[in-house]
>>> print(open('my_file-v1.csv').read())   # CSV, C-alpha atoms
chain,number,residue,atom,x,y,z
A,1,MET,CA,10.3,-0.6,-5.8
A,2,ARG,CA,11.6,-3.2,-3.4
A,3,TYR,CA,14.0,-6.1,-3.8
A,4,ALA,CA,14.4,-9.4,-2.0
A,5,PHE,CA,16.8,-12.3,-2.1
A,6,TYR,CA,15.0,-15.6,-2.2
A,7,PHE,CA,15.6,-19.3,-2.6
A,8,SER,CA,13.3,-20.4,-5.4
A,9,PRO,CA,13.5,-24.0,-6.8
A,10,GLU,CA,15.0,-24.7,-10.2
A,11,PRO,CA,12.4,-24.0,-12.8
A,12,ASP,CA,10.7,-27.0,-14.4
A,13,THR,CA,11.4,-29.2,-11.4
A,14,GLU,CA,8.6,-31.1,-9.7
A,15,LEU,CA,9.0,-28.8,-6.6
A,16,ALA,CA,8.7,-25.7,-8.7
A,17,ARG,CA,5.7,-26.9,-10.6
A,18,CYS,CA,3.9,-28.1,-7.4
A,19,GLY,CA,4.6,-24.9,-5.6
A,20,ALA,CA,3.3,-22.7,-8.4
A,21,SER,CA,0.1,-24.7,-8.8
A,22,TRP,CA,-0.5,-24.8,-5.0
A,23,LEU,CA,-0.2,-21.0,-4.8
A,24,GLY,CA,-1.9,-20.3,-8.1
A,25,ARG,CA,0.9,-18.2,-9.6
A,26,ASP,CA,4.3,-18.8,-11.2
A,27,ALA,CA,6.5,-16.0,-9.9
A,28,VAL,CA,9.1,-16.8,-12.6
A,29,THR,CA,6.7,-16.2,-15.6
A,30,GLY,CA,4.2,-14.0,-13.7
A,31,VAL,CA,1.3,-16.0,-15.0
A,32,ALA,CA,-1.6,-17.5,-13.0
A,33,VAL,CA,-1.5,-21.3,-12.6
A,34,GLU,CA,-4.6,-23.5,-12.0
A,35,HIS,CA,-4.9,-24.8,-8.5
A,36,PRO,CA,-5.1,-28.6,-8.0
A,37,GLU,CA,-8.3,-30.3,-6.9
A,38,LEU,CA,-7.3,-32.1,-3.7
A,39,ASP,CA,-9.1,-34.6,-1.5
A,40,GLY,CA,-10.9,-32.5,1.2
A,41,LEU,CA,-9.6,-29.2,-0.2
A,42,GLY,CA,-11.2,-27.7,-3.3
A,43,ALA,CA,-9.5,-25.2,-5.7
A,44,ASP,CA,-11.6,-22.3,-4.4
A,45,GLN,CA,-10.7,-23.1,-0.8
A,46,LEU,CA,-7.1,-23.4,-1.7
A,47,ALA,CA,-7.2,-20.1,-3.5
A,48,ALA,CA,-8.5,-18.3,-0.4
A,49,ILE,CA,-6.0,-20.1,1.9
A,50,THR,CA,-3.0,-19.2,-0.3
A,51,ALA,CA,-4.0,-15.6,-1.2
A,52,PRO,CA,-1.4,-13.8,1.0
A,53,ALA,CA,1.5,-16.2,0.0
A,54,ARG,CA,0.6,-16.0,-3.7
A,55,ARG,CA,1.7,-12.4,-4.0
A,56,TYR,CA,5.2,-13.3,-2.9
A,57,GLY,CA,5.5,-16.5,-5.0
A,58,PHE,CA,6.8,-19.9,-4.0
A,59,HIS,CA,10.1,-19.2,-2.2
A,60,ALA,CA,12.1,-19.1,1.0
A,61,THR,CA,13.2,-15.7,2.2
A,62,LEU,CA,17.0,-15.2,2.5
A,63,LYS,CA,17.1,-11.4,2.8
A,64,ALA,CA,13.7,-9.8,3.3
A,65,PRO,CA,12.3,-7.1,1.0
A,66,PHE,CA,14.2,-3.8,1.1
A,67,ARG,CA,14.5,-0.6,-0.8
A,68,LEU,CA,17.8,0.4,-2.3
A,69,ALA,CA,19.9,2.9,-0.4
A,70,ASP,CA,20.2,6.3,-2.1
A,71,ASP,CA,23.8,5.8,-3.2
A,72,MET,CA,23.1,2.4,-4.7
A,73,ASN,CA,21.5,1.2,-7.9
A,74,GLU,CA,20.1,-1.9,-9.4
A,75,ALA,CA,23.0,-2.6,-11.7
A,76,GLY,CA,25.4,-2.5,-8.7
A,77,LEU,CA,23.1,-4.8,-6.7
A,78,VAL,CA,23.0,-7.4,-9.6
A,79,GLY,CA,26.7,-7.1,-10.0
A,80,ALA,CA,27.3,-7.8,-6.3
A,81,MET,CA,24.9,-10.7,-6.6
A,82,ARG,CA,26.9,-12.2,-9.4
A,83,ASP,CA,30.2,-11.8,-7.5
A,84,PHE,CA,28.6,-13.4,-4.4
A,85,ALA,CA,27.3,-16.4,-6.4
A,86,ALA,CA,30.6,-16.9,-8.1
A,87,ALA,CA,32.4,-17.2,-4.7
A,88,THR,CA,29.7,-19.4,-3.1
A,89,CYS,CA,29.3,-23.2,-3.6
A,90,GLY,CA,26.0,-24.8,-4.0
A,91,PHE,CA,24.7,-27.5,-1.7
A,92,ASP,CA,21.7,-29.8,-1.0
A,93,LEU,CA,19.2,-29.1,1.7
A,94,PRO,CA,18.1,-31.8,4.1
A,95,LEU,CA,14.7,-33.3,3.1
A,96,LEU,CA,11.8,-30.8,3.3
A,97,THR,CA,8.7,-31.7,5.1
A,98,VAL,CA,5.2,-30.1,5.6
A,99,ALA,CA,4.9,-28.4,9.0
A,100,ASN,CA,2.8,-26.1,11.2
A,101,LEU,CA,4.9,-22.9,11.6
A,102,GLY,CA,3.0,-20.7,14.0
A,103,GLY,CA,-0.3,-21.4,12.4
A,104,PHE,CA,1.0,-21.2,8.9
A,105,VAL,CA,1.5,-24.3,6.7
A,106,ALA,CA,5.0,-24.3,5.3
A,107,LEU,CA,7.8,-26.5,3.9
A,108,VAL,CA,10.7,-26.7,6.3
A,109,PRO,CA,13.9,-28.8,6.5
A,110,ASP,CA,13.5,-32.0,8.6
A,111,LYS,CA,16.7,-31.3,10.5
A,112,ALA,CA,19.0,-28.4,11.4
A,113,SER,CA,21.6,-27.4,8.8
A,114,ALA,CA,24.7,-25.5,9.8
A,115,GLY,CA,25.6,-25.1,6.1
A,116,LEU,CA,22.3,-23.5,5.3
A,117,GLN,CA,22.5,-21.2,8.3
A,118,ALA,CA,26.0,-20.0,7.2
A,119,PHE,CA,24.7,-19.4,3.6
A,120,VAL,CA,21.7,-17.4,4.7
A,121,ASP,CA,23.8,-15.4,7.2
A,122,ALA,CA,26.2,-14.5,4.4
A,123,VAL,CA,23.4,-13.3,2.2
A,124,VAL,CA,22.0,-11.1,4.9
A,125,ALA,CA,25.3,-9.5,5.7
A,126,SER,CA,26.8,-9.3,2.2
A,127,PHE,CA,23.9,-7.2,0.7
A,128,GLU,CA,23.3,-5.0,3.7
A,129,PRO,CA,25.1,-2.1,2.2
A,130,TYR,CA,22.5,-1.9,-0.5
A,131,ARG,CA,19.5,-1.7,1.9
A,132,ALA,CA,18.0,1.7,2.6
A,133,PRO,CA,17.1,2.3,6.3
A,134,LEU,CA,13.6,1.5,7.4
A,135,SER,CA,11.1,4.3,7.4
A,136,GLU,CA,9.1,4.9,10.6
A,137,ALA,CA,6.1,3.3,8.8
A,138,ASP,CA,8.1,0.2,8.0
A,139,ILE,CA,9.1,-0.1,11.7
A,140,VAL,CA,5.5,0.3,12.9
A,141,ARG,CA,4.3,-2.4,10.5
A,142,ARG,CA,6.6,-4.9,12.2
A,143,ASN,CA,4.9,-4.3,15.6
A,144,PRO,CA,8.2,-3.9,17.4
A,145,ASP,CA,6.5,-3.9,20.9
A,146,ARG,CA,5.5,-7.5,20.2
A,147,LEU,CA,9.0,-8.6,19.3
A,148,ALA,CA,11.6,-10.1,21.6
A,149,PRO,CA,14.4,-7.7,22.6
A,150,GLU,CA,16.9,-9.4,20.3
A,151,GLU,CA,14.4,-9.3,17.4
A,152,ARG,CA,13.9,-5.6,17.9
A,153,ASP,CA,17.6,-5.1,17.7
A,154,TYR,CA,17.8,-7.1,14.5
A,155,LEU,CA,14.9,-5.1,13.0
A,156,MET,CA,16.7,-1.8,13.7
A,157,ARG,CA,20.2,-3.1,12.6
A,158,TRP,CA,19.3,-5.4,9.7
A,159,GLY,CA,15.8,-4.3,8.6
A,160,TYR,CA,14.2,-7.6,9.6
A,161,PRO,CA,13.7,-9.3,13.0
A,162,TYR,CA,14.1,-12.9,11.9
A,163,VAL,CA,17.8,-13.1,11.0
A,164,PHE,CA,20.8,-15.1,12.2
A,165,ASP,CA,19.7,-17.2,15.3
A,166,ARG,CA,16.1,-16.1,14.8
A,167,PHE,CA,16.0,-17.3,11.2
A,168,ARG,CA,14.1,-20.4,10.1
A,169,PHE,CA,14.1,-21.6,6.5
A,170,HIS,CA,10.5,-22.0,5.3
A,171,MET,CA,8.4,-21.9,2.2
A,172,THR,CA,5.0,-20.6,3.1
A,173,LEU,CA,2.0,-22.5,1.7
A,174,SER,CA,-0.9,-20.7,3.5
A,175,ARG,CA,-2.3,-17.8,5.5
A,176,GLN,CA,-2.5,-18.3,9.2
A,177,LEU,CA,-5.1,-20.9,10.0
A,178,ASP,CA,-7.0,-22.2,13.0
A,179,GLN,CA,-6.3,-25.8,14.2
A,180,THR,CA,-9.1,-27.4,12.3
A,181,ASP,CA,-8.0,-26.0,9.0
A,182,LEU,CA,-4.3,-26.5,9.8
A,183,ASP,CA,-4.7,-30.3,10.2
A,184,ARG,CA,-6.7,-30.5,6.9
A,185,VAL,CA,-4.3,-28.3,4.9
A,186,CYS,CA,-1.2,-30.0,6.3
A,187,GLU,CA,-2.7,-33.4,5.3
A,188,ALA,CA,-3.5,-32.2,1.8
A,189,ALA,CA,-0.1,-30.6,1.3
A,190,THR,CA,1.7,-33.7,2.6
A,191,ALA,CA,0.0,-35.8,0.0
A,192,TYR,CA,0.3,-33.2,-2.8
A,193,PHE,CA,4.1,-32.5,-2.3
A,194,ALA,CA,5.1,-36.1,-1.5
A,195,LYS,CA,6.8,-36.8,-4.8
A,196,ALA,CA,8.5,-33.4,-4.9
A,197,LEU,CA,9.9,-33.8,-1.4
A,198,ALA,CA,11.1,-37.4,-1.8
A,199,GLN,CA,14.6,-36.1,-2.7
A,200,PRO,CA,16.9,-33.4,-1.3
A,201,VAL,CA,16.4,-29.9,-2.8
A,202,ALA,CA,19.4,-28.3,-4.4
A,203,ILE,CA,20.4,-24.8,-3.3
A,204,ASN,CA,22.2,-24.1,-6.6
A,205,ALA,CA,21.2,-20.5,-7.4
A,206,LEU,CA,20.5,-17.2,-5.8
A,207,SER,CA,17.3,-15.4,-6.9
A,208,LEU,CA,16.6,-11.7,-6.8
A,209,PHE,CA,12.9,-10.9,-6.7
A,210,VAL,CA,11.3,-7.5,-7.2
A,211,GLU,CA,8.1,-5.8,-6.1
A,212,PRO,CA,7.6,-3.2,-8.9
A,213,ASP,CA,5.0,-1.2,-7.0
A,214,PRO,CA,3.7,-1.2,-3.4
A,215,GLY,CA,1.4,-4.2,-3.1
A,216,ALA,CA,2.3,-5.6,-6.5
A,217,PRO,CA,3.1,-9.3,-6.9
A,218,PHE,CA,6.8,-10.2,-6.4
A,219,GLN,CA,8.4,-11.6,-9.6
A,220,LEU,CA,11.8,-13.0,-10.5
A,221,HIS,CA,14.2,-10.4,-11.6
A,222,THR,CA,17.6,-12.3,-11.8
A,223,ARG,CA,18.6,-15.8,-11.0
A,224,VAL,CA,22.3,-16.6,-10.8
A,225,LYS,CA,23.8,-20.0,-10.4
A,226,LEU,CA,26.1,-20.6,-7.4
A,227,ALA,CA,29.6,-21.9,-8.0
A,228,PRO,CA,29.8,-25.5,-9.1
A,229,THR,CA,31.5,-28.1,-6.9
A,230,GLU,CA,33.3,-31.3,-7.9
A,231,LYS,CA,31.1,-33.1,-5.4
A,232,ARG,CA,27.9,-31.3,-4.3
A,233,LYS,CA,27.9,-30.6,-0.6
A,234,THR,CA,25.0,-31.4,1.7
A,235,ALA,CA,24.2,-28.7,4.2
>>> encode(input="my_file-v1.csv", output="structure tokens")
Amino acid sequence: MRYAFYFSPEPDTELARCGASWLGRDAVTGVAVEHPELDGLGADQLAAITAPARRYGFHATLKAPFRLADDMNEAGLVGAMRDFAAATCGFDLPLLTVANLGGFVALVPDKASAGLQAFVDAVVASFEPYRAPLSEADIVRRNPDRLAPEERDYLMRWGYPYVFDRFRFHMTLSRQLDQTDLDRVCEAATAYFAKALAQPVAINALSLFVEPDPGAPFQLHTRVKLAPTEKRKTA
């Protein structure tokens, strides 16, 4: 069993509904969702394009999947999560936009956000004591020889190469695509998510997802609201 800390949008919002339909699965309920029929991108094509992302659900990774350390347990992890959330104020992201992220179509903030970076850094560091060390197989799967030196150091220290200054908030919408498909899928996603992305997205909760068995779809385990604020911050 592996756990991961994700941002997932508030259930029953336009963004959550659009994301579940786009990927074809609602990671909160665990049920399949019908793909939309889009101009220039049929449901069968969309199903193939989104297959790898569908297993993880519509999310942005905050702390990458990890196994629990031998001296830790799930109850302790959830308790620490509740303590963290109670001490952390919610905020709004900048507007999200559809982008090409290394050949993947993804939703990303339209500008840098120091508040978001500080929040994600805190999640990575705060729950590190609960993470078991990577196995040799885990390390090999990350292709360490292809990583930059700093990314290799992060992989060995934090279990994931893309943390801190290497982190980029993103909500993956596709497998890796060639340029022709990238343009087509970006255009379809921009039109499809237009209404959902017209307003800032609230980071008002921390979500713990679980992979029950190796290769199984990730599903929501626990969602905890962040601390309220008198006036919501913007990251």
>>> residues_around(input="my_file-v1.csv", residues="stretch 96-105 of chain A", least_positions_apart="4", cutoff="9 Å", atoms="all atoms listed in the file", output="ChimeraX atom specification")
/A:109-111,170-179,182-183,185-187,189-190,193-194,197-201
>>> atom_distance(input="my_file-v1.csv", atom1="atom CA of A:Val78", atom2="atom CA of A:Ser126")
12.5 Å
>>> atom_distance(input="my_file-v1.csv", atom1="atom CA of A:Ala125", atom2="atom CA of A:Pro212")
23.8 Å
>>> residues_around(input="my_file-v1.csv", residues="A:Ala4", least_positions_apart="2", cutoff="7 Å", atoms="all atoms listed in the file", output="short mmCIF file (atom, residue, chain, number, x, y, z; two decimals) with C-alpha atoms, keeping the file's coordinate frame")
data_model
loop_
_atom_site.label_atom_id
_atom_site.label_comp_id
_atom_site.auth_asym_id
_atom_site.auth_seq_id
_atom_site.Cartn_x
_atom_site.Cartn_y
_atom_site.Cartn_z
CA ARG A 2 11.60 -3.20 -3.40
CA TYR A 6 15.00 -15.60 -2.20
CA LYS A 63 17.10 -11.40 2.80
CA ALA A 64 13.70 -9.80 3.30
CA PRO A 65 12.30 -7.10 1.00
CA PHE A 66 14.20 -3.80 1.10
CA LEU A 208 16.60 -11.70 -6.80
CA PHE A 209 12.90 -10.90 -6.70
CA VAL A 210 11.30 -7.50 -7.20
#
>>> atom_distance(input="my_file-v1.csv", atom1="atom CA of A:Arg157", atom2="atom CA of A:Lys225")
28.8 Å
>>> residues_around(input="my_file-v1.csv", residues="A:Glu150", least_positions_apart="6", cutoff="10 Å", atoms="all atoms listed in the file", output="list in words")
Pro161, Tyr162, Asp165 and Arg166 of chain A
>>> closest_residue(input="my_file-v1.csv", among="A:Val124, A:Met1, A:Ala60, A:Cys89", to="A:Pro214", atoms="all atoms listed in the file")
A:Met1
>>> residues_around(input="my_file-v1.csv", residues="A:Leu68", least_positions_apart="3", cutoff="8 Å", atoms="all atoms listed in the file", output="ChimeraX atom specification")
/A:2-3,72-74,130-132
>>> closest_residue(input="my_file-v1.csv", among="A:Ala114, A:Ala106, A:Leu77, A:Ile139", to="A:Ala53", atoms="only C-alpha atoms")
A:Ala106
>>> residues_around(input="my_file-v1.csv", residues="A:Leu116", least_positions_apart="2", cutoff="9 Å", atoms="only C-alpha atoms", output="ChimeraX atom specification")
/A:91-93,112-114,118-121,169,203,235
>>> write_last_selection(input="my_file-v1.csv", atoms="C-alpha atoms", output="PDB file, in the frame of the given file")
ATOM      1  CA  PHE A  91      24.700 -27.500  -1.700  1.00  0.00           C
ATOM      2  CA  ASP A  92      21.700 -29.800  -1.000  1.00  0.00           C
ATOM      3  CA  LEU A  93      19.200 -29.100   1.700  1.00  0.00           C
ATOM      4  CA  ALA A 112      19.000 -28.400  11.400  1.00  0.00           C
ATOM      5  CA  SER A 113      21.600 -27.400   8.800  1.00  0.00           C
ATOM      6  CA  ALA A 114      24.700 -25.500   9.800  1.00  0.00           C
ATOM      7  CA  ALA A 118      26.000 -20.000   7.200  1.00  0.00           C
ATOM      8  CA  PHE A 119      24.700 -19.400   3.600  1.00  0.00           C
ATOM      9  CA  VAL A 120      21.700 -17.400   4.700  1.00  0.00           C
ATOM     10  CA  ASP A 121      23.800 -15.400   7.200  1.00  0.00           C
ATOM     11  CA  PHE A 169      14.100 -21.600   6.500  1.00  0.00           C
ATOM     12  CA  ILE A 203      20.400 -24.800  -3.300  1.00  0.00           C
ATOM     13  CA  ALA A 235      24.200 -28.700   4.200  1.00  0.00           C
TER      14      ALA A 235
END
>>> closest_residue(input="my_file-v1.csv", among="A:Leu95, A:Ala48, A:Ala86, A:Leu206", to="A:Val123", atoms="all atoms listed in the file")
A:Leu206
>>> closest_residue(input="my_file-v1.csv", among="A:Leu38, A:Val163, A:Ala69, A:Val140", to="A:Ala188", atoms="all atoms listed in the file")
A:Leu38
>>> decode(input="my_file-v1.csv", residues="stretch 196-228 of chain A", atoms="N, CA, C and O atoms", output="mmCIF file, in the first residue's frame")
data_model
loop_
_atom_site.group_PDB
_atom_site.id
_atom_site.type_symbol
_atom_site.label_atom_id
_atom_site.label_comp_id
_atom_site.auth_asym_id
_atom_site.auth_seq_id
_atom_site.Cartn_x
_atom_site.Cartn_y
_atom_site.Cartn_z
ATOM 1 N N ALA A 196 -14.513 26.235 -16.000
ATOM 2 C CA ALA A 196 -13.945 25.837 -14.710
ATOM 3 C C ALA A 196 -12.740 26.684 -14.333
ATOM 4 O O ALA A 196 -12.470 26.908 -13.144
ATOM 5 N N LEU A 197 -12.002 27.166 -15.343
ATOM 6 C CA LEU A 197 -10.761 27.905 -15.091
ATOM 7 C C LEU A 197 -10.952 29.412 -15.103
ATOM 8 O O LEU A 197 -9.983 30.158 -14.999
ATOM 9 N N ALA A 198 -12.186 29.845 -15.194
ATOM 10 C CA ALA A 198 -12.442 31.287 -15.253
ATOM 11 C C ALA A 198 -12.266 31.964 -13.900
ATOM 12 O O ALA A 198 -12.170 33.193 -13.828
ATOM 13 N N GLN A 199 -12.219 31.183 -12.818
ATOM 14 C CA GLN A 199 -12.067 31.739 -11.476
ATOM 15 C C GLN A 199 -10.869 31.089 -10.789
ATOM 16 O O GLN A 199 -10.503 29.949 -11.117
ATOM 17 N N PRO A 200 -10.268 31.782 -9.805
ATOM 18 C CA PRO A 200 -9.186 31.154 -9.040
ATOM 19 C C PRO A 200 -9.667 29.889 -8.343
ATOM 20 O O PRO A 200 -10.845 29.752 -8.000
ATOM 21 N N VAL A 201 -8.772 28.963 -8.161
ATOM 22 C CA VAL A 201 -9.078 27.680 -7.520
ATOM 23 C C VAL A 201 -8.651 27.738 -6.060
ATOM 24 O O VAL A 201 -7.538 28.150 -5.740
ATOM 25 N N ALA A 202 -9.537 27.327 -5.185
ATOM 26 C CA ALA A 202 -9.247 27.369 -3.755
ATOM 27 C C ALA A 202 -8.423 26.157 -3.324
ATOM 28 O O ALA A 202 -8.773 25.014 -3.627
ATOM 29 N N ILE A 203 -7.316 26.428 -2.627
ATOM 30 C CA ILE A 203 -6.582 25.379 -1.911
ATOM 31 C C ILE A 203 -7.098 25.444 -0.476
ATOM 32 O O ILE A 203 -6.590 26.215 0.355
ATOM 33 N N ASN A 204 -8.155 24.703 -0.202
ATOM 34 C CA ASN A 204 -8.806 24.789 1.108
ATOM 35 C C ASN A 204 -8.843 23.457 1.840
ATOM 36 O O ASN A 204 -9.496 23.328 2.878
ATOM 37 N N ALA A 205 -8.142 22.459 1.299
ATOM 38 C CA ALA A 205 -8.117 21.151 1.945
ATOM 39 C C ALA A 205 -6.862 20.404 1.513
ATOM 40 O O ALA A 205 -6.266 20.688 0.469
ATOM 41 N N LEU A 206 -6.480 19.448 2.326
ATOM 42 C CA LEU A 206 -5.378 18.540 2.024
ATOM 43 C C LEU A 206 -5.969 17.153 1.850
ATOM 44 O O LEU A 206 -6.773 16.711 2.674
ATOM 45 N N SER A 207 -5.594 16.477 0.767
ATOM 46 C CA SER A 207 -6.172 15.170 0.452
ATOM 47 C C SER A 207 -5.104 14.084 0.539
ATOM 48 O O SER A 207 -4.021 14.216 -0.040
ATOM 49 N N LEU A 208 -5.446 13.022 1.258
ATOM 50 C CA LEU A 208 -4.598 11.836 1.332
ATOM 51 C C LEU A 208 -5.200 10.781 0.417
ATOM 52 O O LEU A 208 -6.350 10.381 0.586
ATOM 53 N N PHE A 209 -4.415 10.354 -0.582
ATOM 54 C CA PHE A 209 -4.849 9.303 -1.495
ATOM 55 C C PHE A 209 -4.089 8.022 -1.183
ATOM 56 O O PHE A 209 -3.004 8.058 -0.590
ATOM 57 N N VAL A 210 -4.672 6.899 -1.583
ATOM 58 C CA VAL A 210 -4.049 5.611 -1.294
ATOM 59 C C VAL A 210 -4.101 4.735 -2.538
ATOM 60 O O VAL A 210 -5.070 4.770 -3.308
ATOM 61 N N GLU A 211 -3.037 3.992 -2.739
ATOM 62 C CA GLU A 211 -2.960 2.944 -3.749
ATOM 63 C C GLU A 211 -3.037 1.619 -2.989
ATOM 64 O O GLU A 211 -2.051 1.189 -2.386
ATOM 65 N N PRO A 212 -4.201 0.960 -2.969
ATOM 66 C CA PRO A 212 -4.378 -0.213 -2.100
ATOM 67 C C PRO A 212 -3.429 -1.365 -2.432
ATOM 68 O O PRO A 212 -2.972 -2.073 -1.541
ATOM 69 N N ASP A 213 -3.177 -1.566 -3.708
ATOM 70 C CA ASP A 213 -2.287 -2.626 -4.176
ATOM 71 C C ASP A 213 -1.438 -2.077 -5.309
ATOM 72 O O ASP A 213 -1.847 -1.132 -5.993
ATOM 73 N N PRO A 214 -0.261 -2.660 -5.549
ATOM 74 C CA PRO A 214 0.584 -2.164 -6.636
ATOM 75 C C PRO A 214 -0.162 -2.135 -7.970
ATOM 76 O O PRO A 214 -0.757 -3.126 -8.388
ATOM 77 N N GLY A 215 -0.169 -0.978 -8.609
ATOM 78 C CA GLY A 215 -0.829 -0.839 -9.889
ATOM 79 C C GLY A 215 -2.311 -0.545 -9.824
ATOM 80 O O GLY A 215 -2.944 -0.294 -10.851
ATOM 81 N N ALA A 216 -2.888 -0.559 -8.624
ATOM 82 C CA ALA A 216 -4.315 -0.278 -8.476
ATOM 83 C C ALA A 216 -4.572 1.218 -8.615
ATOM 84 O O ALA A 216 -3.684 2.031 -8.372
ATOM 85 N N PRO A 217 -5.789 1.618 -8.994
ATOM 86 C CA PRO A 217 -6.099 3.040 -9.075
ATOM 87 C C PRO A 217 -5.985 3.712 -7.706
ATOM 88 O O PRO A 217 -6.386 3.131 -6.689
ATOM 89 N N PHE A 218 -5.439 4.918 -7.698
ATOM 90 C CA PHE A 218 -5.409 5.703 -6.466
ATOM 91 C C PHE A 218 -6.813 6.213 -6.174
ATOM 92 O O PHE A 218 -7.563 6.560 -7.076
ATOM 93 N N GLN A 219 -7.151 6.246 -4.893
ATOM 94 C CA GLN A 219 -8.468 6.723 -4.492
ATOM 95 C C GLN A 219 -8.342 7.593 -3.248
ATOM 96 O O GLN A 219 -7.382 7.463 -2.475
ATOM 97 N N LEU A 220 -9.304 8.475 -3.079
ATOM 98 C CA LEU A 220 -9.289 9.352 -1.912
ATOM 99 C C LEU A 220 -9.468 8.544 -0.638
ATOM 100 O O LEU A 220 -10.382 7.727 -0.531
ATOM 101 N N HIS A 221 -8.591 8.785 0.327
ATOM 102 C CA HIS A 221 -8.685 8.143 1.639
ATOM 103 C C HIS A 221 -9.267 9.112 2.664
ATOM 104 O O HIS A 221 -10.252 8.817 3.339
ATOM 105 N N THR A 222 -8.658 10.291 2.775
ATOM 106 C CA THR A 222 -9.079 11.295 3.764
ATOM 107 C C THR A 222 -8.875 12.683 3.176
ATOM 108 O O THR A 222 -7.842 12.954 2.553
ATOM 109 N N ARG A 223 -9.850 13.531 3.370
ATOM 110 C CA ARG A 223 -9.750 14.923 2.939
ATOM 111 C C ARG A 223 -10.008 15.791 4.162
ATOM 112 O O ARG A 223 -11.041 15.664 4.813
ATOM 113 N N VAL A 224 -9.064 16.681 4.491
ATOM 114 C CA VAL A 224 -9.160 17.499 5.690
ATOM 115 C C VAL A 224 -9.096 18.966 5.296
ATOM 116 O O VAL A 224 -8.194 19.387 4.562
ATOM 117 N N LYS A 225 -10.042 19.733 5.773
ATOM 118 C CA LYS A 225 -10.077 21.166 5.484
ATOM 119 C C LYS A 225 -8.895 21.870 6.143
ATOM 120 O O LYS A 225 -8.527 21.563 7.286
ATOM 121 N N LEU A 226 -8.310 22.819 5.432
ATOM 122 C CA LEU A 226 -7.299 23.688 6.020
ATOM 123 C C LEU A 226 -7.974 24.698 6.936
ATOM 124 O O LEU A 226 -9.190 24.890 6.892
ATOM 125 N N ALA A 227 -7.181 25.360 7.746
ATOM 126 C CA ALA A 227 -7.721 26.326 8.698
ATOM 127 C C ALA A 227 -8.416 27.468 7.963
ATOM 128 O O ALA A 227 -7.927 27.938 6.934
ATOM 129 N N PRO A 228 -9.548 27.926 8.486
ATOM 130 C CA PRO A 228 -10.230 29.056 7.852
ATOM 131 C C PRO A 228 -9.472 30.351 8.118
ATOM 132 O O PRO A 228 -8.709 30.476 9.066
#
